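Reviewing the structure listed below.
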Amino acid sequence: FQMANGYAPPTFSVWDYAVFSVMLAGSVAIGVFHACRGAKDADDYLLGGRHMKVLPVAISLFASFMSAIGILGFSGETYGHGLEAMWQLAGAVFGITMVSLVLIPVLHPLRLTSITQYLGLRYRSNGLRRLAMLLLVVQGLLYMGLCLYAPTVALTSITPIDVNIYLIVLGIICTIYSTLGGIKAVVWVDVFQIVIMISGVGSVIGVSVWEVGGVRQAWEIAEQHNRTRNINLNVDIYERHNLLNLLLQGSVFWGSTFGVTQANFQRIASVPTKAKAMGVMGLTVIFLGTIGIFLFLSGVSVFAVYATCSPLSLGHIKSKDQILPYFVMDRMSYLPGIPGLFIAAIFSGALSSISSSLNGVVAMVWKDVLQPLPRFRRTSRETETKINKILSVVVGLMMIGLAYLCSLLEGLMQAATTVNGVTAGPILGLFLMAILMPWTNRIGAWTGLIISWVLMAWVAVGSFIHGDKPVLLPMSTEGCVGLNNSMVVSTNTSSAIMLDDVTKSWVERRIYGLSYCMLQVLGAALCIIIGVLTSLATGGENTPKVSHSLIHPIARYWLPPPNSPMTMRTRL
């Protein structure tokens with residue numbers, strides 16, 4: 001935390017270091033255990049032999065959501081802006097339902113390793129498959145860098161160790177257990193780490209609610225300061241948060257996250273049957289909704305503690321995302337090991353997200369780039385496993401380097417959504433078009449993906465450079481003891497933003513001024529619209545060449561029957 005006005009936060013005790021070390025040692029031990037058991041081949045290393053159990057896979061999926069970004073970002077969002085963002089959880093129900101009913105019935109029976117293999121089969125284009133793979137790899141690397149940076153927001157301020165050391169140590173530990181054990185280690189470490197995450201955040205809620213006198217009192221205090229008003233019915237794509245934007249964003253964000261990202265597709269593909277894959281998604285909805293509300297309420301309870309003496313206004317913290325670790329060290333440091341448990345929870349969240357993304361990037365590079373090369377086509381099973389482990393180390397080193405760039409991003413939740421939005425929206429649009437619209441062809445797929453991705457990247461970069469920073473809700477310092485006005489740091493810049501808006505160009509106001517929630521929505525919509533129009537303009541797909549197994553059952557009536565004369569002539 002920023003040293004300001006004579007404030008010096010408490011630091012880690014021996015007990016805290018001990019608890020934190022146990023978490024790290026446990027994660028590595030699980031990786032070593034699965035390494036000793038050995039992976040038979042690349043399929044076993046990357047997909048657990050496709051016989052993983054439903055419950056641990058579902059826990060692993062929602063553990064990725066409860067990342068360091070989720071723990072710090074959702075609580076910080078509530079502290080600074082209120083509960084509006086919680087509506088994206090309702091959108092998540094629609095998005096995950098779409099994955100269960102639209103994507104899994106087609107993708108899971110194909111028994112793919114890399115999700116982009118489907119695009120190569122559907123459009124008969126290895127070029128399109130590799131382009132999608134490249135975009136997903138770039139997205140995965142950037143997201144891993146952000147996840148690796150996130151816990152340093154908390155840890156560097158309460159321990160004397162430099163941020164660079166934390167980035168290296170955390171990156172190496174995650175790379176070690178992901179490399180040693182493959183997907184099995186990733187899933188079982190997630191199960192171990194989710195217990196730590198829930199314990200850490202639960203302890204924060206328990207202590208903060210106790211301090212203000214109970215759950216009802218915490219809610220009433222937050223309500224008095226406008227933190228619980230969470231329904232904004234405006235229809236405005238330029239407004240940061242409103243009900244429509246959040247529902248759309250939640251649907252597309254979680255639909256793309258669980259449906260077309262390699263890391264999550266791998267875990268869904270690791271269960272043996274389509275029915276079990278749909279069962280995984282059903283449990284994930286329940287876990288996601290429960291834990292999501294849990295995280296938002298942690299922001300409400302901590303805000304209630306500091307409602308009349310904001311540490312952000314005092315300059316004790318630099319950003320809203322630091323409020324939870326600040327509370328832990330300010331109000332819970334007298335409890336032996338509890339700060340260590342909370343920091344372990346944040347690191348567990350980071351490790352969970354990073355390890356799954358790392359394993360996913362390795363799977364795509366191996367299956368889409370290396371395995372098709374003549375040199376690697378006839379490698380033995382043992383050699384395949386060794387190559388994938390080497391790739392894991394290389395990707396881990398790249399992730400550590402990218403983590404240094406992430407300190408430039410403002411607001412963890414918004415930054416994560418923006419980084420994912422550039423690629424996830426167009427990729428989701430491409431898969432929906434391929435699965436539900438058999439008349440679309442490879443020209444439409446290429447055109448839709450490239451144009452939508454370029455436009456979304458342009459908007460995201462422009463918004464980062466020229467866009468307005470989110471305006472915080474008012475914060476009070478009237479309850480601070482011994483405070484004078486010179487000690488208060490202003491946190492509300494709405495008047496400056498209104499004045500600056502007059503001088504902005506049309507592009508800055510109407511393009512870069514779009515709500516970050518709309519990036520993925522527009523990316524998916526543009527990909528579908530451009531892809532469909534281009535396909536129709538270029539004659540559409542030769543539907544007899546399209547296998548029924550690559551199209552959703554509700555869309556197969558556009559295809560000729562599999563044994564019709566037209567289909568047989570086309571295959572001949």
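Labels used: A, B, ... for chains in the order of the structure tokens, numbers from 1 for residues in each chain, and numbers from 1 for ligands as shown.
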
Closest atom pairs, residues of region 211-252 of chain A within 12 Å of region 278-296 of chain A, only C-alpha atoms, as a Markdown table:
```
| residue | atom | partner | partner_atom | distance |
| --- | --- | --- | --- | --- |
| A:Arg227 | CA | A:Phe296 | CA | 10.9 |
| A:Thr228 | CA | A:Phe296 | CA | 10.5 |
| A:Asn230 | CA | A:Phe296 | CA | 11.6 |
| A:Gly250 | CA | A:Gly289 | CA | 11.9 |
```

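Residue nearest Val521 (chain A) within the list A:Phe253, A:Phe464, A:Trp15, A:Phe94: A:Phe253 [criterion: smallest interatomic distance, only C-alpha atoms].
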
Requested in this report: For Leu526 (chain A), work out the shell of residues within 9 Å, counting only C-alpha atoms and skipping chain neighbours fewer than 5 positions away, then give it as a VMD selection string.
Outcome: chain A and resid 425 to 426 429 448 to 449 451 to 452 521 531

**Report entry** Val212 (chain A) environment, 9 Å, only C-alpha atoms, sequence neighbours closer than 4 positions dropped, as a PyMOL selection string
**Finding:** chain A and resi 207-208+217-218+221+301+304-305

Query raised in the report: How far is it from CA of Ile528 (chain A) to CA of Thr440 (chain A), in Å with one decimal?
Result: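 Taking CA of Ile528 (chain A) and CA of Thr440 (chain A), their separation equals 9.6 Å.
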
Query - Near-Asn126 (chain A) list (12 Å; only C-alpha atoms; drop same-chain fewer than 2 positions) as a PyMOL selection string - result: chain A and resi 116-124+128-133+367-369+372+442+446

Report task. Any chance you could list, as a PyMOL selection string, the residues in region 268-487 of chain A that come up alpha helix (DSSP H) when DSSP is run on the backbone? Result -> chain A and resi 268-269+274-305+311-314+323-331+338-364+381-403+412-436+442-466
